[in-house]
Amino acid sequence: MSFWEYANPRKFIATADALLPWIAGLAAAALLTGLVWGFFFTPEDYRQGSTVKIIYLHVPAAMMAINAWAMMLVTSLVWLIRRHHVSALAAKAAAPIGVTFTLIALLTGAIWGQPMWGTWWAWDPRLTSFLILFLFYLGYMALWAAIEDPDTAADLTSVLCLVGSVFALLSRYAVNFWNQGLHQGASLSLDKEENVADVFYFPLLVAIAGFILLFVALVLMRTRTEIRARRLHAIEMRERLG
Amino acid sequence: MPELGKYAATVLSAYGVSLILLAGFVLLSMWQSRRIKRKLDDAEARRRNG
């Protein structure tokens, strides 16, 4: 069986129908476990106090904000190269999820920053590139909404997605590119020395798994909705033409 | 409830905002999914019935 069979809308909907309850259930379980573990059963940090508990929301949301754009980049490229409609609709479906995660990352960062840095906001490289990523998400969604012909909308939004990928990349690596600004380095790293302490690390991993599973469940559900909306639009157009 | 000390408002507001956004978005996605499915089922039934 080829992977490209899932580019068939009927096959995609049947697969989404079968997988969605399991993935959504796992997402709820992982999110609940990670957040309850992190909020109720981890100690305060010796410098940050109880604000360290915000890490279980901020880090997974920020990771998924970037990864959602990466997923949109892949599906946009598939659309541009192979012209699979499901691929374009998956990118469209992922954008509102990505913008929600980006907003959570920005808001929790600001709420944490006020007592820790003494300011809600700073024009730091990572914060600024994240704000630009947020604006790219809004622009991407606005472009889909503004163009009536779905194929033209898919073409133009795919090009916008390629351009925005620069800022998604910068959001991820801004701390490494410019060794300045308020934002600290990555909380998770392959270098064990740089990682947060184990007592924070393990609940954080579970929370990240929850956010990833939630993203997959929402992409499946929203792509299925987009496929059905496209079919509904086609039927309504035919009815209008008589 | 854990002892959050002087940062209680900070931590609780971060969790409150995030959970409202997440729950709101999930509910909105489920509502849109059901609404479109119902409209599509109606349209396909109209089409079948001529």
# chains A, B, ... in the order shown; residues from 1 in each chain; ligands from 1
$ residues_around --residues "Thr225 in chain A" --least-positions-apart "4" --cutoff "8 Å" --atoms "only C-alpha atoms" --output "PyMOL selection string"
(chain A and resi 221+229) or (chain B and resi 32-33+36-37)
$ residues_around --residues "Phe130 in chain A" --least-positions-apart "4" --cutoff "8 Å" --atoms "only C-alpha atoms" --output "VMD selection string"
chain A and resid 102 106 126 134 167 to 168 171
$ interface_residues --of "chain B" --to "chain A" --cutoff "8 Å" --atoms "only C-alpha atoms" --output "JSON list (two decimals) with N, CA and C atoms, in the first residue's frame"
[["chain", "number", "residue", "atom", "x", "y", "z"],
["B", 1, "MET", "N", -4.18, 21.81, 46.33],
["B", 1, "MET", "CA", -3.58, 22.97, 45.64],
["B", 1, "MET", "C", -2.14, 23.18, 46.14],
["B", 2, "PRO", "N", -1.17, 23.22, 45.22],
["B", 2, "PRO", "CA", 0.21, 23.43, 45.68],
["B", 2, "PRO", "C", 0.42, 24.85, 46.20],
["B", 4, "LEU", "N", 1.89, 28.16, 45.94],
["B", 4, "LEU", "CA", 2.51, 28.89, 44.83],
["B", 4, "LEU", "C", 3.19, 30.18, 45.29],
["B", 5, "GLY", "N", 3.01, 30.54, 46.55],
["B", 5, "GLY", "CA", 3.70, 31.70, 47.10],
["B", 5, "GLY", "C", 3.30, 33.00, 46.43],
["B", 7, "TYR", "N", 3.98, 34.11, 43.62],
["B", 7, "TYR", "CA", 3.73, 34.05, 42.17],
["B", 7, "TYR", "C", 2.42, 33.35, 41.83],
["B", 8, "ALA", "N", 1.55, 33.19, 42.80],
["B", 8, "ALA", "CA", 0.30, 32.45, 42.57],
["B", 8, "ALA", "C", -0.50, 33.06, 41.41],
["B", 10, "THR", "N", 0.52, 34.85, 38.93],
["B", 10, "THR", "CA", 1.25, 34.65, 37.66],
["B", 10, "THR", "C", 0.99, 33.24, 37.12],
["B", 11, "VAL", "N", 1.20, 32.25, 37.99],
["B", 11, "VAL", "CA", 1.07, 30.85, 37.54],
["B", 11, "VAL", "C", -0.38, 30.54, 37.16],
["B", 13, "SER", "N", -2.79, 32.59, 36.28],
["B", 13, "SER", "CA", -3.26, 33.28, 35.07],
["B", 13, "SER", "C", -2.68, 32.63, 33.81],
["B", 14, "ALA", "N", -1.42, 32.15, 33.87],
["B", 14, "ALA", "CA", -0.83, 31.46, 32.71],
["B", 14, "ALA", "C", -1.62, 30.18, 32.41],
["B", 15, "TYR", "N", -1.93, 29.42, 33.45],
["B", 15, "TYR", "CA", -2.70, 28.18, 33.24],
["B", 15, "TYR", "C", -4.12, 28.50, 32.78],
["B", 17, "VAL", "N", -5.35, 31.21, 31.12],
["B", 17, "VAL", "CA", -5.38, 31.68, 29.73],
["B", 17, "VAL", "C", -5.15, 30.51, 28.77],
["B", 18, "SER", "N", -4.15, 29.69, 29.06],
["B", 18, "SER", "CA", -3.80, 28.59, 28.15],
["B", 18, "SER", "C", -4.92, 27.56, 28.05],
["B", 21, "LEU", "N", -7.86, 28.93, 26.08],
["B", 21, "LEU", "CA", -7.58, 28.94, 24.64],
["B", 21, "LEU", "C", -7.62, 27.53, 24.05],
["B", 22, "LEU", "N", -6.99, 26.57, 24.74],
["B", 22, "LEU", "CA", -6.97, 25.19, 24.23],
["B", 22, "LEU", "C", -8.37, 24.59, 24.18],
["B", 25, "PHE", "N", -10.57, 26.26, 21.58],
["B", 25, "PHE", "CA", -10.22, 25.88, 20.21],
["B", 25, "PHE", "C", -10.69, 24.46, 19.88],
["B", 26, "VAL", "N", -10.53, 23.54, 20.85],
["B", 26, "VAL", "CA", -10.98, 22.15, 20.62],
["B", 26, "VAL", "C", -12.50, 22.13, 20.43],
["B", 29, "SER", "N", -13.45, 23.55, 17.04],
["B", 29, "SER", "CA", -13.14, 22.59, 15.96],
["B", 29, "SER", "C", -14.19, 21.48, 15.91],
["B", 30, "MET", "N", -14.62, 21.00, 17.08],
["B", 30, "MET", "CA", -15.63, 19.93, 17.12],
["B", 30, "MET", "C", -16.97, 20.45, 16.60],
["B", 32, "GLN", "N", -17.47, 22.97, 14.47],
["B", 32, "GLN", "CA", -17.36, 23.16, 13.01],
["B", 32, "GLN", "C", -17.45, 21.82, 12.30],
["B", 33, "SER", "N", -16.80, 20.80, 12.85],
["B", 33, "SER", "CA", -16.79, 19.47, 12.24],
["B", 33, "SER", "C", -18.22, 18.92, 12.15],
["B", 36, "ILE", "N", -20.50, 21.07, 9.58],
["B", 36, "ILE", "CA", -20.21, 20.81, 8.17],
["B", 36, "ILE", "C", -20.69, 19.40, 7.78],
["B", 37, "LYS", "N", -20.49, 18.44, 8.68],
["B", 37, "LYS", "CA", -20.92, 17.07, 8.37],
["B", 37, "LYS", "C", -22.44, 17.02, 8.19],
["B", 39, "LYS", "N", -24.45, 19.53, 7.34],
["B", 39, "LYS", "CA", -24.82, 20.23, 6.10],
["B", 39, "LYS", "C", -24.50, 19.37, 4.86],
["B", 40, "LEU", "N", -23.36, 18.66, 4.90],
["B", 40, "LEU", "CA", -22.99, 17.80, 3.77],
["B", 40, "LEU", "C", -23.96, 16.63, 3.65],
["B", 43, "ALA", "N", -27.06, 17.95, 2.06],
["B", 43, "ALA", "CA", -26.87, 18.25, 0.63],
["B", 43, "ALA", "C", -26.82, 16.98, -0.19],
["B", 44, "GLU", "N", -26.15, 15.93, 0.34],
["B", 44, "GLU", "CA", -26.07, 14.67, -0.40],
["B", 44, "GLU", "C", -27.43, 13.98, -0.46]]
$ residues_around --residues "Phe215 in chain A" --least-positions-apart "3" --cutoff "9 Å" --atoms "only C-alpha atoms" --output "list of chain:residue names"
A:Ala27, A:Met64, A:Ala68, A:Ala94, A:Ile97, A:Gly98, A:Gly210, A:Phe211, A:Ile212, A:Leu218, A:Val219, A:Leu220
$ write_last_selection --atoms "C-alpha atoms" --output "compact mmCIF listing (two decimals), in the first residue's frame"
# COMPACT_ATOMS: atom_id res chain seq x y z
CA ALA A 27 -3.79 13.30 23.84
CA MET A 64 4.33 23.02 18.45
CA ALA A 68 2.93 23.19 13.00
CA ALA A 94 -3.11 23.25 10.63
CA ILE A 97 -3.94 25.24 15.45
CA GLY A 98 -0.49 26.75 14.98
CA GLY A 210 0.24 15.55 24.97
CA PHE A 211 0.63 18.68 22.83
CA ILE A 212 1.97 16.63 19.88
CA LEU A 218 -6.83 18.43 15.63
CA VAL A 219 -5.13 18.23 12.20
CA LEU A 220 -7.03 15.02 11.41
$ select_by_dssp --residues "chain B" --states "alpha helix (DSSP H)" --output "short mmCIF file (atom, residue, chain, number, x, y, z; two decimals) with all heavy atoms, in the first residue's frame"
data_model
loop_
_atom_site.label_atom_id
_atom_site.label_comp_id
_atom_site.auth_asym_id
_atom_site.auth_seq_id
_atom_site.Cartn_x
_atom_site.Cartn_y
_atom_site.Cartn_z
N ALA B 8 1.55 33.19 42.80
CA ALA B 8 0.30 32.45 42.57
C ALA B 8 -0.50 33.06 41.41
O ALA B 8 -0.95 32.33 40.52
CB ALA B 8 -0.53 32.42 43.85
N ALA B 9 -0.65 34.38 41.40
CA ALA B 9 -1.45 35.03 40.35
C ALA B 9 -0.81 34.80 38.97
O ALA B 9 -1.51 34.55 37.98
CB ALA B 9 -1.57 36.52 40.64
N THR B 10 0.52 34.85 38.93
CA THR B 10 1.25 34.65 37.66
C THR B 10 0.99 33.24 37.12
O THR B 10 0.61 33.07 35.95
CB THR B 10 2.77 34.84 37.90
OG1 THR B 10 2.98 36.14 38.40
CG2 THR B 10 3.56 34.64 36.63
N VAL B 11 1.20 32.25 37.99
CA VAL B 11 1.07 30.85 37.54
C VAL B 11 -0.38 30.54 37.16
O VAL B 11 -0.66 29.97 36.10
CB VAL B 11 1.57 29.88 38.64
CG1 VAL B 11 1.37 28.44 38.22
CG2 VAL B 11 3.03 30.15 38.95
N LEU B 12 -1.31 30.97 38.02
CA LEU B 12 -2.72 30.64 37.76
C LEU B 12 -3.23 31.35 36.51
O LEU B 12 -4.01 30.79 35.74
CB LEU B 12 -3.58 31.00 38.98
CG LEU B 12 -3.33 30.13 40.21
CD1 LEU B 12 -4.16 30.62 41.39
CD2 LEU B 12 -3.65 28.66 39.93
N SER B 13 -2.79 32.59 36.28
CA SER B 13 -3.26 33.28 35.07
C SER B 13 -2.68 32.63 33.81
O SER B 13 -3.37 32.50 32.80
CB SER B 13 -2.95 34.78 35.11
OG SER B 13 -1.58 34.99 35.28
N ALA B 14 -1.42 32.15 33.87
CA ALA B 14 -0.83 31.46 32.71
C ALA B 14 -1.62 30.18 32.41
O ALA B 14 -1.94 29.90 31.24
CB ALA B 14 0.64 31.13 32.97
N TYR B 15 -1.93 29.42 33.45
CA TYR B 15 -2.70 28.18 33.24
C TYR B 15 -4.12 28.50 32.78
O TYR B 15 -4.66 27.84 31.88
CB TYR B 15 -2.72 27.33 34.53
CG TYR B 15 -1.54 26.39 34.60
CD1 TYR B 15 -0.28 26.86 34.97
CD2 TYR B 15 -1.67 25.06 34.26
CE1 TYR B 15 0.82 26.01 35.01
CE2 TYR B 15 -0.56 24.20 34.30
CZ TYR B 15 0.67 24.68 34.68
OH TYR B 15 1.75 23.83 34.70
N GLY B 16 -4.72 29.52 33.38
CA GLY B 16 -6.10 29.89 33.02
C GLY B 16 -6.21 30.29 31.55
O GLY B 16 -7.04 29.74 30.81
N VAL B 17 -5.35 31.21 31.12
CA VAL B 17 -5.38 31.68 29.73
C VAL B 17 -5.15 30.51 28.77
O VAL B 17 -5.87 30.35 27.77
CB VAL B 17 -4.31 32.78 29.52
CG1 VAL B 17 -4.04 33.04 28.06
CG2 VAL B 17 -4.72 34.07 30.21
N SER B 18 -4.15 29.69 29.06
CA SER B 18 -3.80 28.59 28.15
C SER B 18 -4.92 27.56 28.05
O SER B 18 -5.27 27.11 26.95
CB SER B 18 -2.53 27.88 28.63
OG SER B 18 -1.49 28.80 28.73
N LEU B 19 -5.47 27.18 29.20
CA LEU B 19 -6.51 26.15 29.17
C LEU B 19 -7.79 26.67 28.50
O LEU B 19 -8.46 25.92 27.79
CB LEU B 19 -6.78 25.62 30.58
CG LEU B 19 -5.58 24.88 31.20
CD1 LEU B 19 -5.90 24.37 32.60
CD2 LEU B 19 -5.10 23.73 30.32
N ILE B 20 -8.11 27.95 28.71
CA ILE B 20 -9.28 28.53 28.03
C ILE B 20 -9.06 28.52 26.51
O ILE B 20 -9.95 28.12 25.74
CB ILE B 20 -9.56 29.96 28.54
CG1 ILE B 20 -10.14 29.91 29.96
CG2 ILE B 20 -10.51 30.72 27.61
CD1 ILE B 20 -10.21 31.25 30.65
N LEU B 21 -7.86 28.93 26.08
CA LEU B 21 -7.58 28.94 24.64
C LEU B 21 -7.62 27.53 24.05
O LEU B 21 -8.24 27.30 22.99
CB LEU B 21 -6.21 29.56 24.37
CG LEU B 21 -6.15 31.08 24.36
CD1 LEU B 21 -4.69 31.56 24.27
CD2 LEU B 21 -6.92 31.65 23.17
N LEU B 22 -6.99 26.57 24.74
CA LEU B 22 -6.97 25.19 24.23
C LEU B 22 -8.37 24.59 24.18
O LEU B 22 -8.79 24.05 23.16
CB LEU B 22 -6.07 24.31 25.10
CG LEU B 22 -4.57 24.39 24.88
CD1 LEU B 22 -3.85 23.45 25.84
CD2 LEU B 22 -4.19 24.03 23.45
N ALA B 23 -9.09 24.71 25.31
CA ALA B 23 -10.44 24.12 25.37
C ALA B 23 -11.36 24.80 24.37
O ALA B 23 -12.14 24.14 23.67
CB ALA B 23 -10.99 24.24 26.79
N GLY B 24 -11.28 26.12 24.28
CA GLY B 24 -12.11 26.87 23.34
C GLY B 24 -11.85 26.44 21.91
O GLY B 24 -12.79 26.22 21.12
N PHE B 25 -10.57 26.26 21.58
CA PHE B 25 -10.22 25.88 20.21
C PHE B 25 -10.69 24.46 19.88
O PHE B 25 -11.21 24.20 18.79
CB PHE B 25 -8.71 26.00 19.99
CG PHE B 25 -8.32 25.78 18.57
CD1 PHE B 25 -8.55 26.75 17.62
CD2 PHE B 25 -7.79 24.57 18.16
CE1 PHE B 25 -8.22 26.54 16.28
CE2 PHE B 25 -7.46 24.35 16.84
CZ PHE B 25 -7.68 25.34 15.90
N VAL B 26 -10.53 23.54 20.85
CA VAL B 26 -10.98 22.15 20.62
C VAL B 26 -12.50 22.13 20.43
O VAL B 26 -13.02 21.50 19.49
CB VAL B 26 -10.55 21.24 21.80
CG1 VAL B 26 -11.24 19.89 21.72
CG2 VAL B 26 -9.04 21.06 21.81
N LEU B 27 -13.23 22.86 21.29
CA LEU B 27 -14.70 22.88 21.18
C LEU B 27 -15.14 23.50 19.85
O LEU B 27 -16.06 23.01 19.20
CB LEU B 27 -15.31 23.63 22.36
CG LEU B 27 -15.19 22.93 23.72
CD1 LEU B 27 -15.72 23.81 24.84
CD2 LEU B 27 -15.93 21.60 23.70
N LEU B 28 -14.48 24.58 19.46
CA LEU B 28 -14.80 25.24 18.18
C LEU B 28 -14.57 24.27 17.01
O LEU B 28 -15.41 24.17 16.10
CB LEU B 28 -13.94 26.50 18.01
CG LEU B 28 -14.12 27.26 16.70
CD1 LEU B 28 -15.48 27.97 16.68
CD2 LEU B 28 -13.01 28.28 16.50
N SER B 29 -13.45 23.55 17.04
CA SER B 29 -13.14 22.59 15.96
C SER B 29 -14.19 21.48 15.91
O SER B 29 -14.60 21.06 14.82
CB SER B 29 -11.75 21.99 16.17
OG SER B 29 -10.78 22.99 16.15
N MET B 30 -14.62 21.00 17.08
CA MET B 30 -15.63 19.93 17.12
C MET B 30 -16.97 20.45 16.60
O MET B 30 -17.66 19.77 15.84
CB MET B 30 -15.79 19.41 18.55
CG MET B 30 -14.59 18.60 19.01
SD MET B 30 -14.61 18.24 20.76
CE MET B 30 -15.93 17.06 20.85
N TRP B 31 -17.32 21.68 16.98
CA TRP B 31 -18.59 22.27 16.53
C TRP B 31 -18.57 22.46 15.01
O TRP B 31 -19.55 22.10 14.33
CB TRP B 31 -18.80 23.62 17.25
CG TRP B 31 -20.01 24.35 16.78
CD1 TRP B 31 -21.30 24.06 17.08
CD2 TRP B 31 -20.04 25.48 15.89
NE1 TRP B 31 -22.13 24.95 16.45
CE2 TRP B 31 -21.38 25.83 15.71
CE3 TRP B 31 -19.04 26.23 15.26
CZ2 TRP B 31 -21.77 26.90 14.91
CZ3 TRP B 31 -19.42 27.30 14.45
CH2 TRP B 31 -20.78 27.62 14.29
N GLN B 32 -17.47 22.97 14.47
CA GLN B 32 -17.36 23.16 13.01
C GLN B 32 -17.45 21.82 12.30
O GLN B 32 -18.11 21.70 11.26
CB GLN B 32 -16.03 23.84 12.67
CG GLN B 32 -16.00 25.31 13.02
CD GLN B 32 -14.62 25.93 12.81
OE1 GLN B 32 -13.60 25.26 12.90
NE2 GLN B 32 -14.59 27.23 12.55
N SER B 33 -16.80 20.80 12.85
CA SER B 33 -16.79 19.47 12.24
C SER B 33 -18.22 18.92 12.15
O SER B 33 -18.64 18.42 11.09
CB SER B 33 -15.90 18.54 13.07
OG SER B 33 -16.03 17.23 12.65
N ARG B 34 -18.97 19.03 13.25
CA ARG B 34 -20.35 18.50 13.26
C ARG B 34 -21.25 19.29 12.32
O ARG B 34 -22.08 18.73 11.63
CB ARG B 34 -20.90 18.54 14.68
CG ARG B 34 -20.30 17.45 15.51
CD ARG B 34 -20.94 17.33 16.86
NE ARG B 34 -20.15 16.38 17.64
CZ ARG B 34 -19.96 16.46 18.94
NH1 ARG B 34 -20.51 17.42 19.62
NH2 ARG B 34 -19.24 15.56 19.56
N ARG B 35 -21.09 20.63 12.32
CA ARG B 35 -21.95 21.49 11.50
C ARG B 35 -21.75 21.19 10.01
O ARG B 35 -22.71 21.02 9.26
CB ARG B 35 -21.61 22.96 11.78
CG ARG B 35 -22.53 23.96 11.11
CD ARG B 35 -22.18 25.38 11.56
NE ARG B 35 -20.84 25.74 11.17
CZ ARG B 35 -20.53 26.42 10.05
NH1 ARG B 35 -21.48 26.80 9.23
NH2 ARG B 35 -19.29 26.69 9.74
N ILE B 36 -20.50 21.07 9.58
CA ILE B 36 -20.21 20.81 8.17
C ILE B 36 -20.69 19.40 7.78
O ILE B 36 -21.25 19.20 6.70
CB ILE B 36 -18.69 20.98 7.88
CG1 ILE B 36 -18.27 22.45 8.03
CG2 ILE B 36 -18.33 20.46 6.50
CD1 ILE B 36 -18.83 23.39 6.98
N LYS B 37 -20.49 18.44 8.68
CA LYS B 37 -20.92 17.07 8.37
C LYS B 37 -22.44 17.02 8.19
O LYS B 37 -22.95 16.40 7.25
CB LYS B 37 -20.49 16.10 9.48
CG LYS B 37 -20.88 14.66 9.14
CD LYS B 37 -20.27 13.66 10.05
CE LYS B 37 -20.51 12.23 9.62
NZ LYS B 37 -21.82 11.92 9.10
N ARG B 38 -23.16 17.72 9.08
CA ARG B 38 -24.64 17.73 8.99
C ARG B 38 -25.08 18.39 7.68
O ARG B 38 -25.95 17.88 6.97
CB ARG B 38 -25.22 18.49 10.19
CG ARG B 38 -26.70 18.26 10.40
CD ARG B 38 -27.23 18.94 11.65
NE ARG B 38 -26.91 20.36 11.67
CZ ARG B 38 -26.16 20.96 12.58
NH1 ARG B 38 -25.64 20.27 13.55
NH2 ARG B 38 -25.91 22.26 12.52
N LYS B 39 -24.45 19.53 7.34
CA LYS B 39 -24.82 20.23 6.10
C LYS B 39 -24.50 19.37 4.86
O LYS B 39 -25.28 19.35 3.90
CB LYS B 39 -24.09 21.58 6.01
CG LYS B 39 -24.63 22.61 6.99
CD LYS B 39 -23.84 23.89 6.97
CE LYS B 39 -24.30 24.82 5.88
NZ LYS B 39 -23.70 26.16 6.00
N LEU B 40 -23.36 18.66 4.90
CA LEU B 40 -22.99 17.80 3.77
C LEU B 40 -23.96 16.63 3.65
O LEU B 40 -24.39 16.29 2.54
CB LEU B 40 -21.55 17.30 3.94
CG LEU B 40 -21.04 16.38 2.83
CD1 LEU B 40 -21.06 17.08 1.47
CD2 LEU B 40 -19.63 15.87 3.13
N ASP B 41 -24.32 16.03 4.77
CA ASP B 41 -25.29 14.92 4.74
C ASP B 41 -26.62 15.39 4.14
O ASP B 41 -27.21 14.70 3.31
CB ASP B 41 -25.53 14.37 6.16
CG ASP B 41 -24.33 13.59 6.68
OD1 ASP B 41 -23.46 13.24 5.85
OD2 ASP B 41 -24.25 13.35 7.89
N ASP B 42 -27.08 16.60 4.54
CA ASP B 42 -28.31 17.15 3.99
C ASP B 42 -28.20 17.38 2.48
O ASP B 42 -29.09 17.03 1.72
CB ASP B 42 -28.65 18.50 4.66
CG ASP B 42 -29.07 18.29 6.14
OD1 ASP B 42 -29.31 17.14 6.51
OD2 ASP B 42 -29.12 19.30 6.86
N ALA B 43 -27.06 17.95 2.06
CA ALA B 43 -26.87 18.25 0.63
C ALA B 43 -26.82 16.98 -0.19
O ALA B 43 -27.38 16.90 -1.29
CB ALA B 43 -25.58 19.06 0.46
N GLU B 44 -26.15 15.93 0.34
CA GLU B 44 -26.07 14.67 -0.40
C GLU B 44 -27.43 13.98 -0.46
O GLU B 44 -27.76 13.36 -1.48
CB GLU B 44 -24.98 13.77 0.22
CG GLU B 44 -23.59 14.29 -0.17
CD GLU B 44 -22.44 13.43 0.33
OE1 GLU B 44 -22.61 12.79 1.37
OE2 GLU B 44 -21.40 13.45 -0.33
N ALA B 45 -28.21 14.12 0.60
CA ALA B 45 -29.57 13.56 0.60
C ALA B 45 -30.44 14.28 -0.45
O ALA B 45 -31.18 13.63 -1.19
CB ALA B 45 -30.19 13.70 1.98
N ARG B 46 -30.31 15.59 -0.54
CA ARG B 46 -31.05 16.38 -1.55
C ARG B 46 -30.67 15.91 -2.94
O ARG B 46 -31.52 15.77 -3.83
CB ARG B 46 -30.68 17.87 -1.43
CG ARG B 46 -31.47 18.64 -0.41
CD ARG B 46 -31.40 20.15 -0.68
NE ARG B 46 -30.08 20.68 -0.90
CZ ARG B 46 -29.25 21.08 0.07
NH1 ARG B 46 -29.62 20.98 1.33
NH2 ARG B 46 -28.05 21.57 -0.23
N ARG B 47 -29.38 15.67 -3.14
CA ARG B 47 -28.87 15.27 -4.44
C ARG B 47 -29.41 13.89 -4.84
O ARG B 47 -29.80 13.66 -5.98
CB ARG B 47 -27.34 15.25 -4.37
CG ARG B 47 -26.67 15.50 -5.67
CD ARG B 47 -25.21 15.83 -5.49
NE ARG B 47 -24.49 15.27 -6.60
CZ ARG B 47 -23.66 14.24 -6.51
NH1 ARG B 47 -23.40 13.71 -5.35
NH2 ARG B 47 -23.07 13.77 -7.58
N ARG B 48 -29.42 12.98 -3.87
CA ARG B 48 -29.92 11.61 -4.13
C ARG B 48 -31.41 11.64 -4.47
O ARG B 48 -31.88 10.90 -5.32
CB ARG B 48 -29.68 10.72 -2.91
CG ARG B 48 -28.32 10.08 -2.87
CD ARG B 48 -28.28 8.93 -1.88
NE ARG B 48 -28.61 9.37 -0.53
CZ ARG B 48 -27.74 9.87 0.33
NH1 ARG B 48 -26.47 9.99 -0.03
NH2 ARG B 48 -28.10 10.23 1.53
#
